[in-house]
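What follows is the content of target-v5.tsv (TSV, C-alpha atoms and all ligand atoms).
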```tsv
chain	number	residue	atom	x	y	z
A	1	MET	CA	0.00	0.00	0.00
A	2	LYS	CA	1.25	3.48	-0.84
A	3	THR	CA	1.76	6.12	1.83
A	4	ILE	CA	-0.35	9.24	1.29
A	5	GLY	CA	1.11	12.37	2.86
A	6	PHE	CA	-1.11	15.39	3.48
A	7	ILE	CA	0.58	18.78	3.71
A	8	GLY	CA	-1.97	20.59	5.86
A	9	GLY	CA	-4.41	18.88	8.19
A	10	GLY	CA	-7.11	21.59	8.11
A	11	LYS	CA	-10.80	21.12	7.32
A	12	MET	CA	-10.28	19.62	3.87
A	13	GLY	CA	-7.07	17.69	4.50
A	14	GLU	CA	-8.59	16.08	7.59
A	15	ALA	CA	-11.91	15.37	5.84
A	16	ILE	CA	-10.05	13.52	3.07
A	17	PHE	CA	-7.65	11.43	5.15
A	18	SER	CA	-10.23	10.62	7.84
A	19	GLY	CA	-12.67	9.57	5.09
A	20	LEU	CA	-10.07	7.28	3.53
A	21	ILE	CA	-9.45	5.66	6.93
A	22	ARG	CA	-13.18	5.43	7.78
A	23	THR	CA	-14.10	3.77	4.48
A	24	GLY	CA	-11.24	1.29	4.76
A	25	ALA	CA	-9.59	2.63	1.59
A	26	CYS	CA	-6.43	3.11	3.69
A	27	SER	CA	-5.29	2.18	7.14
A	28	ALA	CA	-4.04	4.86	9.53
A	29	GLY	CA	-0.51	3.56	9.03
A	30	ASP	CA	-0.72	4.51	5.33
A	31	ILE	CA	-1.33	8.16	6.20
A	32	ALA	CA	1.12	10.93	7.05
A	33	VAL	CA	-0.05	14.47	7.84
A	34	SER	CA	1.84	17.69	8.33
A	35	CYS	CA	0.94	20.73	10.39
A	36	ARG	CA	2.83	23.92	11.13
A	37	THR	CA	2.80	23.51	14.91
A	38	ASN	CA	3.76	20.58	17.14
A	39	GLU	CA	0.56	21.16	19.16
A	40	LYS	CA	-1.63	20.52	16.10
A	41	CYS	CA	0.49	17.45	15.23
A	42	GLY	CA	-0.18	16.12	18.74
A	43	VAL	CA	-3.93	16.71	18.41
A	44	LEU	CA	-4.09	14.78	15.12
A	45	GLU	CA	-1.92	11.93	16.46
A	46	ALA	CA	-4.24	11.53	19.46
A	47	LYS	CA	-7.36	11.67	17.28
A	48	TYR	CA	-6.06	9.24	14.62
A	49	PRO	CA	-3.82	6.63	16.27
A	50	GLY	CA	-1.32	5.23	13.76
A	51	VAL	CA	-1.20	8.36	11.57
A	52	ARG	CA	2.33	9.82	11.41
A	53	THR	CA	2.71	13.59	11.69
A	54	TYR	CA	5.37	16.08	10.61
A	55	ASN	CA	5.91	19.74	11.34
A	56	THR	CA	6.27	21.47	7.97
A	57	SER	CA	6.75	25.02	9.20
A	58	GLY	CA	10.23	24.66	7.65
A	59	GLU	CA	11.99	22.74	4.89
A	60	GLU	CA	13.21	19.92	7.17
A	61	GLY	CA	9.65	18.75	7.78
A	62	VAL	CA	8.74	19.06	4.10
A	63	ALA	CA	11.75	16.88	3.24
A	64	ALA	CA	10.74	14.29	5.85
A	65	ILE	CA	7.09	13.90	4.79
A	66	THR	CA	8.11	13.86	1.11
A	67	LYS	CA	10.52	11.01	1.79
A	68	ASP	CA	7.88	9.14	3.82
A	69	SER	CA	5.14	9.46	1.15
A	70	ASP	CA	4.41	8.13	-2.33
A	71	VAL	CA	1.44	10.42	-2.93
A	72	LEU	CA	1.61	13.98	-1.58
A	73	VAL	CA	-1.62	15.94	-1.18
A	74	ILE	CA	-1.11	19.70	-0.91
A	75	ALA	CA	-4.00	20.84	1.32
A	76	VAL	CA	-2.86	24.32	2.42
A	77	HIS	CA	-4.29	27.63	1.16
A	78	PRO	CA	-3.17	28.82	-2.27
A	79	GLY	CA	-0.91	31.57	-0.84
A	80	GLU	CA	0.79	29.04	1.45
A	81	GLY	CA	1.39	26.50	-1.30
A	82	ASN	CA	4.24	28.27	-3.11
A	83	ALA	CA	6.79	27.83	-0.32
A	84	ILE	CA	5.70	24.21	0.17
A	85	MET	CA	6.04	23.38	-3.54
A	86	GLU	CA	9.41	25.15	-3.77
A	87	GLN	CA	10.77	23.13	-0.84
A	88	MET	CA	9.12	19.85	-1.86
A	89	GLU	CA	10.54	19.97	-5.38
A	90	LYS	CA	14.08	19.36	-4.03
A	91	TYR	CA	13.05	16.00	-2.54
A	92	LEU	CA	10.60	14.69	-5.16
A	93	ASP	CA	11.47	11.65	-7.24
A	94	PRO	CA	9.42	11.75	-10.50
A	95	ALA	CA	9.64	7.94	-10.75
A	96	ARG	CA	8.11	7.46	-7.31
A	97	HIS	CA	5.97	10.44	-6.32
A	98	LEU	CA	2.58	11.71	-7.39
A	99	VAL	CA	1.57	15.20	-6.24
A	100	VAL	CA	-2.13	16.00	-5.76
A	101	SER	CA	-3.22	19.58	-5.13
A	102	ILE	CA	-6.58	20.63	-3.71
A	103	MET	CA	-5.73	24.36	-3.78
A	104	ALA	CA	-8.70	26.23	-5.24
A	105	GLY	CA	-7.97	28.15	-8.42
A	106	VAL	CA	-4.31	27.11	-8.69
A	107	THR	CA	-3.69	25.73	-12.20
A	108	THR	CA	-1.45	22.82	-13.14
A	109	ASP	CA	0.55	25.19	-15.40
A	110	TYR	CA	1.30	27.38	-12.42
A	111	MET	CA	2.15	24.46	-10.12
A	112	GLU	CA	4.43	23.01	-12.78
A	113	THR	CA	6.60	26.10	-12.53
A	114	PHE	CA	7.52	24.63	-9.10
A	115	ILE	CA	6.92	20.86	-9.57
A	116	LYS	CA	8.80	20.45	-12.82
A	117	LYS	CA	8.96	16.72	-13.62
A	118	THR	CA	6.95	14.89	-10.98
A	119	PRO	CA	3.42	13.92	-12.09
A	120	LEU	CA	0.83	16.30	-10.72
A	121	VAL	CA	-2.97	16.01	-10.48
A	122	ARG	CA	-5.25	18.90	-9.58
A	123	VAL	CA	-8.44	18.09	-7.69
A	124	MET	CA	-11.33	20.19	-6.45
A	125	PRO	CA	-13.25	18.47	-3.64
A	126	ASN	CA	-16.15	19.80	-1.57
A	127	THR	CA	-17.02	19.51	2.11
A	128	PRO	CA	-19.78	16.82	1.85
A	129	LEU	CA	-16.88	14.48	1.15
A	130	SER	CA	-16.55	14.38	4.96
A	131	VAL	CA	-19.76	12.27	5.03
A	132	GLY	CA	-18.95	10.25	1.91
A	133	GLU	CA	-21.22	12.38	-0.32
A	134	GLY	CA	-18.63	14.65	-1.87
A	135	VAL	CA	-18.02	15.86	-5.39
A	136	THR	CA	-14.43	15.96	-6.64
A	137	GLY	CA	-13.37	17.35	-10.02
A	138	ILE	CA	-10.06	15.95	-11.25
A	139	CYS	CA	-7.62	16.88	-14.02
A	140	GLY	CA	-4.08	15.71	-14.72
A	141	GLY	CA	-1.06	17.95	-15.30
A	142	LYS	CA	1.22	17.48	-18.27
A	143	ASN	CA	3.38	14.79	-16.60
A	144	ALA	CA	0.52	12.72	-15.15
A	145	SER	CA	-0.37	9.49	-16.99
A	146	PRO	CA	-4.01	8.41	-17.46
A	147	GLU	CA	-3.28	5.63	-14.92
A	148	GLN	CA	-2.16	8.20	-12.34
A	149	VAL	CA	-5.30	10.29	-12.95
A	150	GLU	CA	-7.32	7.07	-12.53
A	151	GLU	CA	-5.48	6.36	-9.25
A	152	VAL	CA	-6.67	9.73	-7.93
A	153	VAL	CA	-10.22	9.10	-9.22
A	154	SER	CA	-10.24	5.82	-7.36
A	155	MET	CA	-8.99	7.49	-4.16
A	156	PHE	CA	-11.70	10.20	-4.22
A	157	SER	CA	-14.44	7.79	-5.36
A	158	ASN	CA	-14.27	6.42	-1.81
A	159	LEU	CA	-15.64	9.78	-0.68
A	160	GLY	CA	-18.44	10.39	-3.19
A	161	LEU	CA	-18.66	11.29	-6.87
A	162	ALA	CA	-15.31	11.84	-8.63
A	163	VAL	CA	-15.31	13.21	-12.17
A	164	VAL	CA	-12.44	13.84	-14.60
A	165	LEU	CA	-12.78	17.15	-16.42
A	166	PRO	CA	-10.70	19.26	-18.78
A	167	GLU	CA	-8.91	21.84	-16.64
A	168	LYS	CA	-10.83	24.71	-18.25
A	169	ASN	CA	-13.99	23.30	-16.58
A	170	ILE	CA	-12.56	23.09	-13.06
A	171	GLU	CA	-13.50	26.72	-12.31
A	172	ALA	CA	-17.14	26.04	-13.16
A	173	LEU	CA	-17.10	22.94	-10.96
A	174	THR	CA	-15.54	24.99	-8.14
A	175	GLY	CA	-18.46	27.42	-8.31
A	176	VAL	CA	-21.16	24.74	-8.52
A	177	SER	CA	-19.99	21.96	-6.20
A	178	GLY	CA	-17.02	23.47	-4.31
A	179	CYS	CA	-19.04	26.49	-3.13
A	180	GLY	CA	-22.45	24.86	-3.67
A	181	PRO	CA	-22.80	23.36	-0.16
A	182	ALA	CA	-22.99	26.92	1.24
A	183	PHE	CA	-25.61	27.92	-1.35
A	184	CYS	CA	-27.66	24.80	-0.63
A	185	ALA	CA	-27.35	25.49	3.10
A	186	GLN	CA	-28.70	29.02	2.56
A	187	PHE	CA	-31.71	27.64	0.68
A	188	LEU	CA	-32.13	25.03	3.41
A	189	CYS	CA	-32.14	27.78	6.06
A	190	GLY	CA	-34.85	29.60	4.09
A	191	LEU	CA	-37.05	26.48	3.99
A	192	ALA	CA	-36.44	25.84	7.68
A	193	ASP	CA	-37.20	29.48	8.65
A	194	ALA	CA	-40.51	29.21	6.83
A	195	GLY	CA	-41.27	25.99	8.66
A	196	VAL	CA	-40.52	27.68	12.01
A	197	ALA	CA	-42.67	30.68	11.04
A	198	LEU	CA	-45.51	28.23	10.38
A	199	GLY	CA	-45.09	26.57	13.80
A	200	LEU	CA	-42.53	23.76	13.40
A	201	THR	CA	-39.75	23.43	15.92
A	202	ARG	CA	-36.34	24.50	14.57
A	203	ASP	CA	-34.96	20.98	14.88
A	204	ILE	CA	-37.77	19.37	12.89
A	205	ALA	CA	-37.78	22.20	10.32
A	206	ILE	CA	-34.04	21.80	9.66
A	207	ARG	CA	-34.20	18.01	9.51
A	208	ILE	CA	-37.13	17.83	7.09
A	209	ALA	CA	-35.64	20.56	4.87
A	210	ALA	CA	-32.25	18.78	4.79
A	211	GLN	CA	-33.81	15.40	4.02
A	212	THR	CA	-35.89	17.03	1.26
A	213	LEU	CA	-32.74	18.42	-0.40
A	214	ALA	CA	-30.90	15.11	0.06
A	215	GLY	CA	-33.83	13.07	-1.26
A	216	THR	CA	-34.30	15.36	-4.26
A	217	GLY	CA	-30.61	15.01	-5.12
A	218	LYS	CA	-30.87	11.24	-4.78
A	219	MET	CA	-33.87	11.11	-7.15
A	220	VAL	CA	-31.86	13.03	-9.76
A	221	LEU	CA	-28.74	10.90	-9.33
A	222	GLU	CA	-30.10	7.43	-8.64
A	223	GLY	CA	-33.47	7.72	-10.38
A	224	ASN	CA	-31.83	9.48	-13.32
A	225	VAL	CA	-34.70	12.00	-13.30
A	226	HIS	CA	-34.12	15.39	-14.94
A	227	PRO	CA	-34.80	18.09	-12.31
A	228	GLU	CA	-37.29	19.83	-14.62
A	229	VAL	CA	-39.27	16.58	-14.93
A	230	LEU	CA	-39.05	16.08	-11.18
A	231	LYS	CA	-40.43	19.60	-10.58
A	232	ASP	CA	-43.26	19.12	-13.10
A	233	GLY	CA	-44.14	15.81	-11.49
A	234	VAL	CA	-44.70	17.48	-8.10
A	235	CYS	CA	-46.79	20.35	-9.55
A	236	SER	CA	-50.42	19.36	-10.02
A	237	PRO	CA	-52.70	21.72	-12.00
A	238	GLY	CA	-53.97	24.58	-9.86
A	239	GLY	CA	-52.06	23.10	-6.92
A	240	SER	CA	-49.97	24.41	-4.07
A	241	THR	CA	-46.52	23.46	-5.40
A	242	ILE	CA	-46.89	25.32	-8.71
A	243	ALA	CA	-47.96	28.40	-6.71
A	244	GLY	CA	-44.71	28.15	-4.75
A	245	CYS	CA	-42.64	27.53	-7.91
A	246	ILE	CA	-44.05	30.66	-9.55
A	247	TYR	CA	-43.20	32.66	-6.43
A	248	LEU	CA	-39.60	31.39	-6.62
A	249	GLU	CA	-39.36	32.34	-10.33
A	250	GLN	CA	-40.80	35.81	-9.60
A	251	ASN	CA	-37.94	36.13	-7.13
A	252	ALA	CA	-35.43	34.92	-9.73
A	253	VAL	CA	-34.30	31.85	-7.83
A	254	ARG	CA	-32.47	30.34	-10.81
A	255	GLY	CA	-30.85	33.68	-11.69
A	256	ALA	CA	-29.77	34.09	-8.07
A	257	ALA	CA	-28.23	30.58	-8.02
A	258	ALA	CA	-26.42	31.22	-11.31
A	259	GLY	CA	-25.25	34.63	-10.05
A	260	ALA	CA	-23.91	33.08	-6.86
A	261	VAL	CA	-21.84	30.56	-8.84
A	262	GLN	CA	-20.49	33.32	-11.14
A	263	ALA	CA	-19.60	35.55	-8.15
A	264	ALA	CA	-17.79	32.63	-6.52
A	265	VAL	CA	-15.84	31.83	-9.70
A	266	ASN	CA	-14.80	35.49	-10.05
A	267	ARG	CA	-13.50	35.40	-6.50
A	268	VAL	CA	-11.64	32.09	-7.03
A	269	LYS	CA	-9.82	33.69	-9.99
A	270	ALA	CA	-8.95	36.79	-7.97
A	271	VAL	CA	-7.62	34.75	-5.00
A	272	ALA	CA	-5.48	32.59	-7.31
A	273	GLU	CA	-4.00	35.75	-8.90
A	274	GLU	CA	-3.28	37.26	-5.47
A	275	ALA	CA	-1.51	34.03	-4.42
A	276	LYS	CA	1.03	34.24	-7.31
A	301	LIG	N1	-13.05	24.24	2.43
A	301	LIG	C1	-13.52	23.93	1.23
A	301	LIG	O1	-14.72	23.83	0.99
A	301	LIG	C2	-12.56	23.67	0.11
A	301	LIG	C3	-13.06	23.08	-1.06
A	301	LIG	C4	-12.14	22.78	-2.08
A	301	LIG	C5	-10.81	23.10	-1.95
A	301	LIG	N2	-10.36	23.71	-0.82
A	301	LIG	C6	-8.95	24.05	-0.72
A	301	LIG	O2	-8.40	23.28	0.32
A	301	LIG	C7	-7.27	23.95	0.86
A	301	LIG	C8	-7.39	23.94	2.37
A	301	LIG	O3	-8.60	24.55	2.72
A	301	LIG	P1	-9.30	24.27	4.12
A	301	LIG	O4	-10.72	24.67	3.98
A	301	LIG	O5	-8.95	22.90	4.60
A	301	LIG	O6	-8.55	25.36	5.02
A	301	LIG	P2	-7.99	25.23	6.52
A	301	LIG	O7	-8.97	24.51	7.37
A	301	LIG	O8	-7.59	26.62	6.93
A	301	LIG	O9	-6.71	24.30	6.34
A	301	LIG	C9	-5.50	24.76	5.88
A	301	LIG	C10	-4.49	24.11	6.78
A	301	LIG	O10	-3.18	24.31	6.25
A	301	LIG	C11	-2.33	24.41	7.37
A	301	LIG	N3	-1.03	24.95	6.97
A	301	LIG	C12	-0.69	26.17	6.53
A	301	LIG	N4	0.63	26.24	6.26
A	301	LIG	C13	1.13	25.03	6.54
A	301	LIG	C14	2.42	24.45	6.49
A	301	LIG	N5	3.47	25.16	6.11
A	301	LIG	N6	2.56	23.16	6.84
A	301	LIG	C15	1.49	22.42	7.25
A	301	LIG	N7	0.25	22.90	7.34
A	301	LIG	C16	0.08	24.19	6.99
A	301	LIG	C17	-3.08	25.29	8.32
A	301	LIG	O11	-2.53	25.17	9.60
A	301	LIG	P3	-3.04	26.05	10.85
A	301	LIG	O12	-4.14	25.20	11.43
A	301	LIG	O13	-1.84	26.15	11.70
A	301	LIG	O14	-3.52	27.36	10.32
A	301	LIG	C18	-4.48	24.69	8.20
A	301	LIG	O15	-4.68	23.63	9.11
A	301	LIG	C19	-7.27	25.36	0.26
A	301	LIG	O16	-6.27	25.46	-0.72
A	301	LIG	C20	-8.63	25.48	-0.37
A	301	LIG	O17	-8.59	26.30	-1.52
A	301	LIG	C21	-11.19	23.98	0.23
```
Could I get this structure in the form of C-alpha cells?
Amino acid sequence: MKTIGFIGGGKMGEAIFSGLIRTGACSAGDIAVSCRTNEKCGVLEAKYPGVRTYNTSGEEGVAAITKDSDVLVIAVHPGEGNAIMEQMEKYLDPARHLVVSIMAGVTTDYMETFIKKTPLVRVMPNTPLSVGEGVTGICGGKNASPEQVEEVVSMFSNLGLAVVLPEKNIEALTGVSGCGPAFCAQFLCGLADAGVALGLTRDIAIRIAAQTLAGTGKMVLEGNVHPEVLKDGVCSPGGSTIAGCIYLEQNAVRGAAAGAVQAAVNRVKAVAEEAK
C-alpha cells in the first residue's frame, strides 16, 4: 500500500484522510499528515492513532514527509502552497511520487513552474466528502499518466462522486460543487425558517428541509430524473406546489443561483492571482 502524505491537516485535508481511513480505503498507518505547529500534530496523532505527523513550518519537515510518502496531497491555502512546492521539489522523485493539489484556483501550469517533472494532479473536492457524499473534479497535469489520474479518481471515489474534467472546466465545478454546499445550506435555512414561522420546531424544520434536499438530489442521481421533470411531477394543476414555484421564479431563484456561482468563480480567480 502506498503512503499518502497530506501537507496541511485543516478542514479539507482532515476530511479527506479521515474519510479514507473510515471507508477502509487506507489504514491509519498509510497516512502521514503535516501541520505547522507541534501542538496541532499532537492533536491529530491523538485523534487518529497510527497516523504519522510532521511539522512542515520549515523545509526539514517538508523533506521528511516527502521522503515518507508516495502520494503527496497539498492541502494548504493557495498563498501558502508556493513555499511548500518550492521546498518539496528538491526532494521529489518523479519515478516514485505523485503530487495532488486541492488548492482552489491554482492551475497545473502554475504548479508546474515549481513541480517540474513529478506527475501532478489537480483536484477540487467539496465539504460533503466528509460524510462520503462529496463531489471531486479531477484533471491531470502534463506529466501525469491516465493511470495516475485514474489512481486519484479511485482514491476520491471512496468519498463520493469523482469526475475527470478538462482543466478549463474546473473553475465552473468549483463554483457549482465546491461552493455549492454553502448555497444549498442558505436555501435550506430559508425552507427551515418558513417551517418555524408556520409553527414547526427549529430541529424538525431543519431536519425535514435537509432530508428534502438530500432526497431530491438522490432522485436526480439514482433515479436518473431530470430536475425539470421532477419539478413538473410534483406540480399538479392549480395546486400548491406550482404556486410556490411561480413565487420562486418571480424572485429569480435560478438567476440568483447562477449569479452566486459566477460571483464565486470570479473570487476564485482573484484569489489565485493574489496568491502568485
Ligand atoms: N473548504 C472547502 O470547501 C474547500 C473546497 C475545495 C478546496 N479547498 C482548498 O483546500 C485547501 C485547504 O482549505 P481548508 O478549507 O482545509 O482550510 P484550513 O482549514 O484553513 O486548512 C489549511 C491548513 O493548512 C495548514 N497549513 C498552513 N501552512 C502550513 C504548512 N506550512 N505546513 C502544514 N500545514 C500548513 C493550516 O494550519 P493552521 O491550522 O496552523 O492554520 C491549516 O490547518 C485550500 O487550498 C482550499 O482552496 C477547500
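Taking CA of Ala15 (chain A) and CA of Asp93 (chain A) as the two end points, the separation is 27.0 Å.
Residues of protein, DNA or RNA having at least one counted atom within 12 Å of (11.3, 16.9, -9.9), given all atoms listed in the file, are Thr66, Met85, Glu86, Gln87, Met88, Glu89, Lys90, Tyr91, Leu92, Asp93, Pro94, Ala95, Arg96, His97, Leu98, Val99, Met111, Glu112, Thr113, Phe114, Ile115, Lys116, Lys117, Thr118, Pro119, Leu120 and Asn143 of chain A.
Residues in contact with region 227-233 of chain A at up to 9 Å, not including ones fewer than 5 positions away on its chain and judged by all atoms listed in the file, are Thr216, Gly217, Met219, Val220, Thr241, Ile242 and Cys245 of chain A.
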With 8 Å added on each side, what axis-aligned box encloses every listed atom of ligand LIG 301 (chain A)? Give the centre and edge lengths in Å to one decimal, as JSON.
```
{"center_x": -5.6, "center_y": 24.9, "center_z": 4.8, "size_x": 34.2, "size_y": 20.9, "size_z": 29.8}
```
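Near Pro146 (chain A), within 12 Å and counting all atoms listed in the file, sit Pro119, Leu120, Val121, Ile138, Cys139, Gly140, Gly141, Glu151, Val152, Val153 and Val164 of chain A, not including residues fewer than 5 positions from it in the same chain.
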Since we have the selection now, will you write its residues out, keeping C-alpha atoms, as an mmCIF file, in the coordinates of the input?
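Ended up saving to again00.cif:
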```
data_model
loop_
_atom_site.group_PDB
_atom_site.id
_atom_site.type_symbol
_atom_site.label_atom_id
_atom_site.label_comp_id
_atom_site.auth_asym_id
_atom_site.auth_seq_id
_atom_site.Cartn_x
_atom_site.Cartn_y
_atom_site.Cartn_z
ATOM 1 C CA PRO A 119 3.420 13.920 -12.090
ATOM 2 C CA LEU A 120 0.830 16.300 -10.720
ATOM 3 C CA VAL A 121 -2.970 16.010 -10.480
ATOM 4 C CA ILE A 138 -10.060 15.950 -11.250
ATOM 5 C CA CYS A 139 -7.620 16.880 -14.020
ATOM 6 C CA GLY A 140 -4.080 15.710 -14.720
ATOM 7 C CA GLY A 141 -1.060 17.950 -15.300
ATOM 8 C CA GLU A 151 -5.480 6.360 -9.250
ATOM 9 C CA VAL A 152 -6.670 9.730 -7.930
ATOM 10 C CA VAL A 153 -10.220 9.100 -9.220
ATOM 11 C CA VAL A 164 -12.440 13.840 -14.600
#
```
Contacts to ligand LIG 301 (chain A) at 9 Å cut-off (all atoms listed in the file) as a PDB file with C-alpha atoms, in the frame of the given file:
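What follows is the written file part05.pdb:
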```
ATOM      1  CA  PHE A   6      -1.110  15.390   3.480  1.00  0.00           C
ATOM      2  CA  ILE A   7       0.580  18.780   3.710  1.00  0.00           C
ATOM      3  CA  GLY A   8      -1.970  20.590   5.860  1.00  0.00           C
ATOM      4  CA  GLY A   9      -4.410  18.880   8.190  1.00  0.00           C
ATOM      5  CA  GLY A  10      -7.110  21.590   8.110  1.00  0.00           C
ATOM      6  CA  LYS A  11     -10.800  21.120   7.320  1.00  0.00           C
ATOM      7  CA  MET A  12     -10.280  19.620   3.870  1.00  0.00           C
ATOM      8  CA  GLY A  13      -7.070  17.690   4.500  1.00  0.00           C
ATOM      9  CA  GLU A  14      -8.590  16.080   7.590  1.00  0.00           C
ATOM     10  CA  ALA A  15     -11.910  15.370   5.840  1.00  0.00           C
ATOM     11  CA  VAL A  33      -0.050  14.470   7.840  1.00  0.00           C
ATOM     12  CA  SER A  34       1.840  17.690   8.330  1.00  0.00           C
ATOM     13  CA  CYS A  35       0.940  20.730  10.390  1.00  0.00           C
ATOM     14  CA  ARG A  36       2.830  23.920  11.130  1.00  0.00           C
ATOM     15  CA  THR A  37       2.800  23.510  14.910  1.00  0.00           C
ATOM     16  CA  LYS A  40      -1.630  20.520  16.100  1.00  0.00           C
ATOM     17  CA  TYR A  54       5.370  16.080  10.610  1.00  0.00           C
ATOM     18  CA  ASN A  55       5.910  19.740  11.340  1.00  0.00           C
ATOM     19  CA  THR A  56       6.270  21.470   7.970  1.00  0.00           C
ATOM     20  CA  SER A  57       6.750  25.020   9.200  1.00  0.00           C
ATOM     21  CA  GLY A  58      10.230  24.660   7.650  1.00  0.00           C
ATOM     22  CA  GLU A  59      11.990  22.740   4.890  1.00  0.00           C
ATOM     23  CA  GLY A  61       9.650  18.750   7.780  1.00  0.00           C
ATOM     24  CA  VAL A  62       8.740  19.060   4.100  1.00  0.00           C
ATOM     25  CA  ILE A  74      -1.110  19.700  -0.910  1.00  0.00           C
ATOM     26  CA  ALA A  75      -4.000  20.840   1.320  1.00  0.00           C
ATOM     27  CA  VAL A  76      -2.860  24.320   2.420  1.00  0.00           C
ATOM     28  CA  HIS A  77      -4.290  27.630   1.160  1.00  0.00           C
ATOM     29  CA  PRO A  78      -3.170  28.820  -2.270  1.00  0.00           C
ATOM     30  CA  GLY A  79      -0.910  31.570  -0.840  1.00  0.00           C
ATOM     31  CA  GLU A  80       0.790  29.040   1.450  1.00  0.00           C
ATOM     32  CA  GLY A  81       1.390  26.500  -1.300  1.00  0.00           C
ATOM     33  CA  ALA A  83       6.790  27.830  -0.320  1.00  0.00           C
ATOM     34  CA  ILE A  84       5.700  24.210   0.170  1.00  0.00           C
ATOM     35  CA  SER A 101      -3.220  19.580  -5.130  1.00  0.00           C
ATOM     36  CA  ILE A 102      -6.580  20.630  -3.710  1.00  0.00           C
ATOM     37  CA  MET A 103      -5.730  24.360  -3.780  1.00  0.00           C
ATOM     38  CA  ALA A 104      -8.700  26.230  -5.240  1.00  0.00           C
ATOM     39  CA  GLY A 105      -7.970  28.150  -8.420  1.00  0.00           C
ATOM     40  CA  VAL A 106      -4.310  27.110  -8.690  1.00  0.00           C
ATOM     41  CA  VAL A 123      -8.440  18.090  -7.690  1.00  0.00           C
ATOM     42  CA  MET A 124     -11.330  20.190  -6.450  1.00  0.00           C
ATOM     43  CA  PRO A 125     -13.250  18.470  -3.640  1.00  0.00           C
ATOM     44  CA  ASN A 126     -16.150  19.800  -1.570  1.00  0.00           C
ATOM     45  CA  THR A 127     -17.020  19.510   2.110  1.00  0.00           C
ATOM     46  CA  PRO A 128     -19.780  16.820   1.850  1.00  0.00           C
ATOM     47  CA  THR A 136     -14.430  15.960  -6.640  1.00  0.00           C
ATOM     48  CA  THR A 174     -15.540  24.990  -8.140  1.00  0.00           C
ATOM     49  CA  SER A 177     -19.990  21.960  -6.200  1.00  0.00           C
ATOM     50  CA  GLY A 178     -17.020  23.470  -4.310  1.00  0.00           C
ATOM     51  CA  CYS A 179     -19.040  26.490  -3.130  1.00  0.00           C
ATOM     52  CA  PRO A 181     -22.800  23.360  -0.160  1.00  0.00           C
ATOM     53  CA  ALA A 182     -22.990  26.920   1.240  1.00  0.00           C
ATOM     54  CA  VAL A 268     -11.640  32.090  -7.030  1.00  0.00           C
TER      55      VAL A 268
END
```
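Take CA of Gly134 (chain A) and CA of Gly244 (chain A): the distance between them is 29.5 Å.
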| task | Work out how far CA of Val261 (chain A) is from CA of Ala172 (chain A), in Å to one decimal. | result | 7.8 Å
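Residues with any atom within 12 Å of Gln186 (chain A), counting all atoms listed in the file and excluding same-chain neighbours fewer than 6 positions away, are Cys179, Gly180, Ala192, Asp193, Ile206, Ala209, Ala210, Leu213, Ala256, Ala257 and Ala260 of chain A.
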| request: Find the residues around Arg52 (chain A) up to 7 Å (only C-alpha atoms counted), leave out those fewer than 5 positions away in its own chain, and share them as JSON, numbers by chain. | output: {"A": [31, 32, 33, 45]}
| task | Rank nothing, just name the residue among A:Val135, A:Ala272, A:Val100, A:Cys41 nearest to Gln148 (chain A), using only C-alpha atoms. | result | A:Val100
| note | Among A:Thr53, A:Lys2, A:Ala205, A:Ala28, Asp70 (chain A) is approached most closely, using only C-alpha atoms, by A:Lys2
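For the residues A:Ala264, A:Ile4, A:Val43, A:Leu188, ranking by smallest atom-to-atom distance to Asp68 (chain A) using all atoms listed in the file places A:Ile4 first.
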Reconstructed region 194-205 of chain A, atom set N, CA and C atoms, as a compact mmCIF listing (two decimals), in the frame of the given file:
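Okay, this is what ended up in part.txt:
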```txt
# COMPACT_ATOMS: atom_id res chain seq x y z
N ALA A 194 -39.08 29.18 7.16
CA ALA A 194 -40.51 29.21 6.83
C ALA A 194 -41.26 28.18 7.68
N GLY A 195 -40.63 27.02 7.84
CA GLY A 195 -41.27 25.99 8.66
C GLY A 195 -41.46 26.47 10.09
N VAL A 196 -40.44 27.16 10.63
CA VAL A 196 -40.52 27.68 12.01
C VAL A 196 -41.61 28.76 12.09
N ALA A 197 -41.64 29.63 11.04
CA ALA A 197 -42.67 30.68 11.04
C ALA A 197 -44.07 30.07 11.04
N LEU A 198 -44.19 28.89 10.46
CA LEU A 198 -45.51 28.23 10.38
C LEU A 198 -45.75 27.29 11.57
N GLY A 199 -44.82 27.29 12.55
CA GLY A 199 -45.09 26.57 13.80
C GLY A 199 -44.26 25.33 14.06
N LEU A 200 -43.37 24.93 13.12
CA LEU A 200 -42.53 23.76 13.40
C LEU A 200 -41.42 24.12 14.37
N THR A 201 -40.93 23.14 15.10
CA THR A 201 -39.75 23.43 15.92
C THR A 201 -38.56 23.56 14.97
N ARG A 202 -37.52 24.27 15.42
CA ARG A 202 -36.34 24.50 14.57
C ARG A 202 -35.70 23.17 14.17
N ASP A 203 -35.60 22.28 15.13
CA ASP A 203 -34.96 20.98 14.88
C ASP A 203 -35.68 20.21 13.77
N ILE A 204 -36.99 20.10 13.90
CA ILE A 204 -37.77 19.37 12.89
C ILE A 204 -37.68 20.10 11.55
N ALA A 205 -37.79 21.43 11.57
CA ALA A 205 -37.78 22.20 10.32
C ALA A 205 -36.47 21.98 9.57
```
